file entry-v1.pdb (PDB, C-alpha atoms)
ATOM      1  CA  MET A   1       0.000   0.000   0.000  1.00  0.00           C
ATOM      2  CA  LYS A   2       2.847   2.398   0.867  1.00  0.00           C
ATOM      3  CA  GLN A   3       4.427   1.789  -2.536  1.00  0.00           C
ATOM      4  CA  ILE A   4       1.170   2.558  -4.330  1.00  0.00           C
ATOM      5  CA  LEU A   5       0.800   5.799  -2.377  1.00  0.00           C
ATOM      6  CA  LEU A   6       4.409   6.692  -3.224  1.00  0.00           C
ATOM      7  CA  ILE A   7       3.802   6.088  -6.930  1.00  0.00           C
ATOM      8  CA  LEU A   8       0.597   8.158  -6.858  1.00  0.00           C
ATOM      9  CA  ALA A   9       2.417  10.992  -5.108  1.00  0.00           C
ATOM     10  CA  VAL A  10       5.240  10.889  -7.667  1.00  0.00           C
ATOM     11  CA  VAL A  11       2.824  10.958 -10.612  1.00  0.00           C
ATOM     12  CA  ALA A  12       0.914  13.841  -9.025  1.00  0.00           C
ATOM     13  CA  LEU A  13       4.134  15.826  -8.525  1.00  0.00           C
ATOM     14  CA  VAL A  14       5.733  15.400 -11.939  1.00  0.00           C
ATOM     15  CA  GLY A  15       3.000  14.139 -14.248  1.00  0.00           C
ATOM     16  CA  CYS A  16       3.337  11.132 -16.441  1.00  0.00           C
ATOM     17  CA  GLY A  17       4.529  10.311 -19.898  1.00  0.00           C
ATOM     18  CA  LYS A  18       5.916   7.416 -21.887  1.00  0.00           C
ATOM     19  CA  GLU A  19       9.511   7.979 -20.800  1.00  0.00           C
ATOM     20  CA  ASP A  20       8.872   9.889 -17.588  1.00  0.00           C
ATOM     21  CA  LEU A  21      11.436   9.062 -14.893  1.00  0.00           C
ATOM     22  CA  SER A  22       8.734   8.967 -12.208  1.00  0.00           C
ATOM     23  CA  LEU A  23       7.146   5.937 -13.853  1.00  0.00           C
ATOM     24  CA  ARG A  24      10.434   4.072 -14.013  1.00  0.00           C
ATOM     25  CA  LEU A  25      11.521   4.600 -10.399  1.00  0.00           C
ATOM     26  CA  GLU A  26      12.066   1.526  -8.318  1.00  0.00           C
ATOM     27  CA  PRO A  27      11.119   1.753  -4.622  1.00  0.00           C
ATOM     28  CA  THR A  28      13.961   0.739  -2.344  1.00  0.00           C
ATOM     29  CA  PRO A  29      13.547  -1.860   0.404  1.00  0.00           C
ATOM     30  CA  ASN A  30      12.967   0.849   3.026  1.00  0.00           C
ATOM     31  CA  GLY A  31      10.071   2.218   0.953  1.00  0.00           C
ATOM     32  CA  LYS A  32      11.113   5.822   1.560  1.00  0.00           C
ATOM     33  CA  ASP A  33      13.516   6.537  -1.282  1.00  0.00           C
ATOM     34  CA  ALA A  34      13.554   6.062  -5.020  1.00  0.00           C
ATOM     35  CA  GLN A  35      16.277   4.774  -7.317  1.00  0.00           C
ATOM     36  CA  CYS A  36      16.989   6.240 -10.747  1.00  0.00           C
ATOM     37  CA  PRO A  37      16.857   3.557 -13.442  1.00  0.00           C
ATOM     38  CA  PHE A  38      19.638   5.298 -15.385  1.00  0.00           C
ATOM     39  CA  CYS A  39      22.345   6.103 -12.824  1.00  0.00           C
ATOM     40  CA  GLU A  40      21.028   3.868 -10.005  1.00  0.00           C
ATOM     41  CA  GLU A  41      21.384   6.706  -7.488  1.00  0.00           C
ATOM     42  CA  TYR A  42      19.067   6.655  -4.462  1.00  0.00           C
ATOM     43  CA  PHE A  43      17.288   9.864  -3.514  1.00  0.00           C
ATOM     44  CA  PRO A  44      14.111  11.025  -1.747  1.00  0.00           C
ATOM     45  CA  ALA A  45      11.064  10.649  -3.983  1.00  0.00           C
ATOM     46  CA  SER A  46      10.398  14.368  -3.514  1.00  0.00           C
ATOM     47  CA  ASP A  47      13.643  15.126  -5.419  1.00  0.00           C
ATOM     48  CA  ILE A  48      12.563  13.586  -8.725  1.00  0.00           C
ATOM     49  CA  SER A  49      12.345  16.903 -10.584  1.00  0.00           C
ATOM     50  CA  THR A  50      15.831  17.930  -9.487  1.00  0.00           C
ATOM     51  CA  HIS A  51      17.262  14.523 -10.314  1.00  0.00           C
ATOM     52  CA  LYS A  52      15.799  14.656 -13.842  1.00  0.00           C
ATOM     53  CA  VAL A  53      18.068  17.604 -14.559  1.00  0.00           C
ATOM     54  CA  ARG A  54      21.171  16.346 -12.760  1.00  0.00           C
ATOM     55  CA  CYS A  55      21.169  12.658 -13.709  1.00  0.00           C
ATOM     56  CA  PRO A  56      24.706  12.079 -15.071  1.00  0.00           C
ATOM     57  CA  LYS A  57      23.704   8.986 -17.048  1.00  0.00           C
ATOM     58  CA  ASN A  58      20.900  10.861 -18.771  1.00  0.00           C
ATOM     59  CA  ALA A  59      23.405  13.314 -20.219  1.00  0.00           C
ATOM     60  CA  THR A  60      26.090  10.822 -21.209  1.00  0.00           C
ATOM     61  CA  ASP A  61      25.150   7.153 -21.400  1.00  0.00           C
ATOM     62  CA  ASN A  62      21.473   7.310 -22.154  1.00  0.00           C
ATOM     63  CA  THR A  63      21.143   9.418 -25.288  1.00  0.00           C
ATOM     64  CA  ALA A  64      18.848   6.841 -26.911  1.00  0.00           C
ATOM     65  CA  ASN A  65      16.311   7.115 -24.083  1.00  0.00           C
ATOM     66  CA  PRO A  66      16.797  10.465 -22.327  1.00  0.00           C
ATOM     67  CA  ILE A  67      14.704  11.729 -19.464  1.00  0.00           C
ATOM     68  CA  LYS A  68      12.327  14.346 -20.814  1.00  0.00           C
ATOM     69  CA  ILE A  69      13.073  17.766 -19.352  1.00  0.00           C
ATOM     70  CA  SER A  70      10.935  20.865 -19.667  1.00  0.00           C
ATOM     71  CA  PRO A  71      12.536  23.670 -21.653  1.00  0.00           C
ATOM     72  CA  PRO A  72      14.120  26.323 -19.449  1.00  0.00           C
ATOM     73  CA  LYS A  73      12.139  29.406 -18.482  1.00  0.00           C
ATOM     74  CA  HIS A  74      13.472  32.741 -17.265  1.00  0.00           C
ATOM     75  CA  THR A  75      14.059  32.561 -13.522  1.00  0.00           C
ATOM     76  CA  THR A  76      11.909  34.389 -11.020  1.00  0.00           C
ATOM     77  CA  ASP A  77      14.773  34.477  -8.488  1.00  0.00           C
ATOM     78  CA  SER A  78      15.374  38.000  -7.243  1.00  0.00           C
ATOM     79  CA  PHE A  79      18.659  39.846  -7.775  1.00  0.00           C
ATOM     80  CA  GLU A  80      19.205  39.619  -4.018  1.00  0.00           C
ATOM     81  CA  GLN A  81      18.729  35.821  -4.036  1.00  0.00           C
ATOM     82  CA  ILE A  82      21.111  35.486  -6.970  1.00  0.00           C
ATOM     83  CA  GLN A  83      23.787  37.642  -5.351  1.00  0.00           C
ATOM     84  CA  ASN A  84      23.439  35.760  -2.044  1.00  0.00           C
ATOM     85  CA  ARG A  85      23.746  32.379  -3.731  1.00  0.00           C
ATOM     86  CA  ILE A  86      26.820  33.507  -5.651  1.00  0.00           C
ATOM     87  CA  ALA A  87      28.357  34.931  -2.464  1.00  0.00           C
ATOM     88  CA  LYS A  88      27.675  31.643  -0.605  1.00  0.00           C
ATOM     89  CA  ASN A  89      29.240  29.683  -3.493  1.00  0.00           C
ATOM     90  CA  GLU A  90      25.901  27.949  -4.163  1.00  0.00           C
ATOM     91  CA  ALA A  91      25.646  29.393  -7.671  1.00  0.00           C
ATOM     92  CA  VAL A  92      27.725  30.737 -10.525  1.00  0.00           C
ATOM     93  CA  LEU A  93      26.993  33.412 -13.080  1.00  0.00           C
ATOM     94  CA  VAL A  94      27.664  32.552 -16.727  1.00  0.00           C
ATOM     95  CA  ASP A  95      27.929  35.217 -19.435  1.00  0.00           C
ATOM     96  CA  VAL A  96      26.847  33.729 -22.783  1.00  0.00           C
ATOM     97  CA  ARG A  97      27.587  36.862 -24.839  1.00  0.00           C
ATOM     98  CA  GLU A  98      30.276  36.796 -27.508  1.00  0.00           C
ATOM     99  CA  GLU A  99      33.937  37.703 -26.940  1.00  0.00           C
ATOM    100  CA  PHE A 100      33.719  41.269 -28.306  1.00  0.00           C
ATOM    101  CA  GLU A 101      30.845  41.957 -25.883  1.00  0.00           C
ATOM    102  CA  TRP A 102      32.740  40.393 -22.978  1.00  0.00           C
ATOM    103  CA  GLU A 103      35.786  42.542 -23.767  1.00  0.00           C
ATOM    104  CA  ASP A 104      33.618  45.688 -23.783  1.00  0.00           C
ATOM    105  CA  GLY A 105      32.722  44.928 -20.175  1.00  0.00           C
ATOM    106  CA  HIS A 106      31.600  42.058 -18.001  1.00  0.00           C
ATOM    107  CA  LEU A 107      30.624  41.263 -14.446  1.00  0.00           C
ATOM    108  CA  GLN A 108      33.300  40.498 -11.882  1.00  0.00           C
ATOM    109  CA  SER A 109      31.729  37.208 -10.832  1.00  0.00           C
ATOM    110  CA  ALA A 110      30.857  35.961 -14.339  1.00  0.00           C
ATOM    111  CA  ILE A 111      32.334  33.016 -16.203  1.00  0.00           C
ATOM    112  CA  PHE A 112      32.735  33.539 -19.954  1.00  0.00           C
ATOM    113  CA  LEU A 113      30.976  30.887 -22.034  1.00  0.00           C
ATOM    114  CA  PRO A 114      29.669  32.245 -25.357  1.00  0.00           C
ATOM    115  CA  LEU A 115      26.554  30.733 -26.877  1.00  0.00           C
ATOM    116  CA  SER A 116      28.425  30.168 -30.147  1.00  0.00           C
ATOM    117  CA  ASP A 117      30.856  27.804 -28.349  1.00  0.00           C
ATOM    118  CA  LEU A 118      28.026  25.929 -26.677  1.00  0.00           C
ATOM    119  CA  GLU A 119      26.216  25.483 -29.984  1.00  0.00           C
ATOM    120  CA  GLU A 120      29.365  24.394 -31.797  1.00  0.00           C
ATOM    121  CA  TRP A 121      30.424  21.811 -29.235  1.00  0.00           C
ATOM    122  CA  GLU A 122      27.147  20.685 -27.642  1.00  0.00           C
ATOM    123  CA  SER A 123      27.244  17.169 -29.116  1.00  0.00           C
ATOM    124  CA  ASP A 124      30.918  16.605 -28.199  1.00  0.00           C
ATOM    125  CA  LYS A 125      31.057  14.537 -24.983  1.00  0.00           C
ATOM    126  CA  SER A 126      34.658  15.550 -24.268  1.00  0.00           C
ATOM    127  CA  TYR A 127      33.564  19.211 -24.359  1.00  0.00           C
ATOM    128  CA  ALA A 128      30.919  18.438 -21.730  1.00  0.00           C
ATOM    129  CA  LEU A 129      33.557  16.794 -19.529  1.00  0.00           C
ATOM    130  CA  ASN A 130      35.937  19.753 -19.909  1.00  0.00           C
ATOM    131  CA  LEU A 131      33.076  22.146 -19.238  1.00  0.00           C
ATOM    132  CA  ALA A 132      32.481  20.403 -15.907  1.00  0.00           C
ATOM    133  CA  LYS A 133      35.993  21.517 -14.869  1.00  0.00           C
ATOM    134  CA  LYS A 134      35.085  25.137 -15.600  1.00  0.00           C
ATOM    135  CA  ILE A 135      31.479  25.125 -14.384  1.00  0.00           C
ATOM    136  CA  PRO A 136      30.656  22.866 -11.419  1.00  0.00           C
ATOM    137  CA  LYS A 137      27.554  20.675 -11.846  1.00  0.00           C
ATOM    138  CA  GLY A 138      26.504  20.806  -8.199  1.00  0.00           C
ATOM    139  CA  LYS A 139      25.686  24.509  -8.304  1.00  0.00           C
ATOM    140  CA  ILE A 140      22.906  26.650  -9.708  1.00  0.00           C
ATOM    141  CA  ILE A 141      23.922  28.239 -13.008  1.00  0.00           C
ATOM    142  CA  TYR A 142      22.549  31.704 -13.721  1.00  0.00           C
ATOM    143  CA  CYS A 143      23.052  32.632 -17.390  1.00  0.00           C
ATOM    144  CA  HIS A 144      22.924  36.187 -18.690  1.00  0.00           C
ATOM    145  CA  CYS A 145      23.409  37.946 -22.016  1.00  0.00           C
ATOM    146  CA  VAL A 146      22.367  41.411 -23.219  1.00  0.00           C
ATOM    147  CA  SER A 147      18.590  41.134 -23.076  1.00  0.00           C
ATOM    148  CA  GLY A 148      17.560  37.621 -22.066  1.00  0.00           C
ATOM    149  CA  GLY A 149      17.339  36.074 -25.543  1.00  0.00           C
ATOM    150  CA  ARG A 150      20.549  34.096 -25.986  1.00  0.00           C
ATOM    151  CA  VAL A 151      20.288  32.689 -22.473  1.00  0.00           C
ATOM    152  CA  MET A 152      17.398  30.472 -23.573  1.00  0.00           C
ATOM    153  CA  PRO A 153      19.255  28.297 -26.115  1.00  0.00           C
ATOM    154  CA  ALA A 154      22.404  28.382 -23.936  1.00  0.00           C
ATOM    155  CA  SER A 155      20.392  27.235 -20.918  1.00  0.00           C
ATOM    156  CA  ALA A 156      18.737  24.453 -22.909  1.00  0.00           C
ATOM    157  CA  ILE A 157      22.167  23.130 -23.925  1.00  0.00           C
ATOM    158  CA  LEU A 158      23.522  23.316 -20.374  1.00  0.00           C
ATOM    159  CA  GLN A 159      20.381  21.713 -18.986  1.00  0.00           C
ATOM    160  CA  LYS A 160      20.667  18.894 -21.521  1.00  0.00           C
ATOM    161  CA  ILE A 161      24.142  18.031 -20.224  1.00  0.00           C
ATOM    162  CA  GLY A 162      23.027  18.028 -16.600  1.00  0.00           C
ATOM    163  CA  TYR A 163      23.202  21.545 -15.178  1.00  0.00           C
ATOM    164  CA  ASP A 164      20.617  23.225 -12.942  1.00  0.00           C
ATOM    165  CA  VAL A 165      20.242  26.328 -15.123  1.00  0.00           C
ATOM    166  CA  ARG A 166      18.227  29.444 -14.383  1.00  0.00           C
ATOM    167  CA  PRO A 167      18.327  31.879 -17.302  1.00  0.00           C
ATOM    168  CA  LEU A 168      18.073  35.572 -16.470  1.00  0.00           C
ATOM    169  CA  LYS A 169      15.730  37.800 -18.426  1.00  0.00           C
ATOM    170  CA  SER A 170      17.737  40.799 -17.262  1.00  0.00           C
ATOM    171  CA  GLY A 171      20.756  41.663 -19.325  1.00  0.00           C
ATOM    172  CA  TYR A 172      24.256  42.876 -18.553  1.00  0.00           C
ATOM    173  CA  LYS A 173      23.296  46.553 -18.020  1.00  0.00           C
ATOM    174  CA  ASP A 174      20.338  45.582 -15.815  1.00  0.00           C
ATOM    175  CA  LEU A 175      22.625  43.491 -13.645  1.00  0.00           C
ATOM    176  CA  LEU A 176      25.046  46.397 -13.263  1.00  0.00           C
ATOM    177  CA  LYS A 177      22.158  48.645 -12.197  1.00  0.00           C
ATOM    178  CA  ALA A 178      21.066  45.981  -9.690  1.00  0.00           C
ATOM    179  CA  GLY A 179      24.457  46.127  -7.964  1.00  0.00           C
ATOM    180  CA  PHE A 180      26.470  43.363  -9.607  1.00  0.00           C
ATOM    181  CA  GLU A 181      30.091  44.482  -9.733  1.00  0.00           C
ATOM    182  CA  LYS A 182      31.733  45.269 -13.056  1.00  0.00           C
ATOM    183  CA  ALA A 183      35.113  43.642 -13.656  1.00  0.00           C
ATOM    184  CA  LYS A 184      38.074  45.987 -13.684  1.00  0.00           C
TER
END

call {"tool": "encode", "arguments": {"input": "entry-v1.pdb", "output": "structure tokens"}}
result
Amino acid sequence: MKQILLILAVVALVGCGKEDLSLRLEPTPNGKDAQCPFCEEYFPASDISTHKVRCPKNATDNTANPIKISPPKHTTDSFEQIQNRIAKNEAVLVDVREEFEWEDGHLQSAIFLPLSDLEEWESDKSYALNLAKKIPKGKIIYCHCVSGGRVMPASAILQKIGYDVRPLKSGYKDLLKAGFEKAK
């Protein structure tokens, strides 16, 4: 009975679909956790949505049967939340503008990762592994550009390879006005 209730709760939380992770979870012997069928990691059933994005096997070994992930949406996190998370080392800020824009000015805390590079190398698994050295997977990734447009395809690519991405609708100048420090 507990397992049936767990399955109903999972379906209610994340919906259902042919390849939905929630329908393929295996209850563990203790009945409290779930196990991912792709990476075999155990986690609380309430963390299914987060695990869909972060599952390492989904991004690398399971390209024939990936977990379906919703397309990214602009974040509703406040500037204050973003700055606090960056200060606490819980998040990183990624600038997806091109090199000439970066050289004209960028934020002190930003990591340079132009959309053109992401698009060029997105299907290269070695690029994804090298990217993990530059951008840690265990942190929230806030992407920004000039006006919130390029962050959407950049975020989709990063999400596809396992990052927790939150694209910003606000652009570089908006972030400066909000108190983010400009690099010197």

call {"tool": "closest_residue", "arguments": {"input": "entry-v1.pdb", "among": "A:Ile82, A:Leu129, A:Leu175, A:Ile141", "to": "Ile111 of chain A", "atoms": "all atoms listed in the file"}}
result
A:Ile141

call {"tool": "resolve_selection", "arguments": {"input": "entry-v1.pdb", "expression": "the PyMOL selection byres ((chain A and resi 167) around 10)", "output": "number ranges by chain"}}
result
A: 72-77, 93-94, 141-145, 148-156, 164-166, 168-170

call {"tool": "atom_distance", "arguments": {"input": "entry-v1.pdb", "atom1": "atom CA of Lys134 of chain A", "atom2": "atom CA of Val146 of chain A"}}
result
22.0 Å

call {"tool": "atom_distance", "arguments": {"input": "entry-v1.pdb", "atom1": "atom CA of Glu101 of chain A", "atom2": "atom CA of Gly171 of chain A"}}
result
12.0 Å

call {"tool": "residues_around", "arguments": {"input": "entry-v1.pdb", "residues": "Pro114 of chain A", "least_positions_apart": "2", "cutoff": "6 Å", "atoms": "all atoms listed in the file", "output": "list in words"}}
result
Val96, Arg97, Glu98, Ser116 and Asp117 of chain A

call {"tool": "atom_distance", "arguments": {"input": "entry-v1.pdb", "atom1": "atom CA of Asn130 of chain A", "atom2": "atom CA of Tyr163 of chain A"}}
result
13.7 Å

call {"tool": "closest_residue", "arguments": {"input": "entry-v1.pdb", "among": "A:Ala91, A:Leu107, A:Leu158, A:Ile140", "to": "Glu122 of chain A", "atoms": "all atoms listed in the file"}}
result
A:Leu158

call {"tool": "closest_residue", "arguments": {"input": "entry-v1.pdb", "among": "A:Asp95, A:Lys137, A:Gly105, A:Gly179", "to": "Glu80 of chain A", "atoms": "only C-alpha atoms"}}
result
A:Gly179

call {"tool": "residues_around", "arguments": {"input": "entry-v1.pdb", "residues": "Lys182 of chain A", "least_positions_apart": "3", "cutoff": "12 Å", "atoms": "all atoms listed in the file", "output": "PyMOL selection string"}}
result
chain A and resi 102-110+172-179

call {"tool": "residues_around", "arguments": {"input": "entry-v1.pdb", "residues": "Ala132 of chain A", "least_positions_apart": "6", "cutoff": "10 Å", "atoms": "all atoms listed in the file", "output": "VMD selection string"}}
result
chain A and resid 126 138 161 to 163

call {"tool": "closest_residue", "arguments": {"input": "entry-v1.pdb", "among": "A:Ile157, A:Val92, A:Ile135, A:Ala87", "to": "Leu115 of chain A", "atoms": "all atoms listed in the file"}}
result
A:Ile157
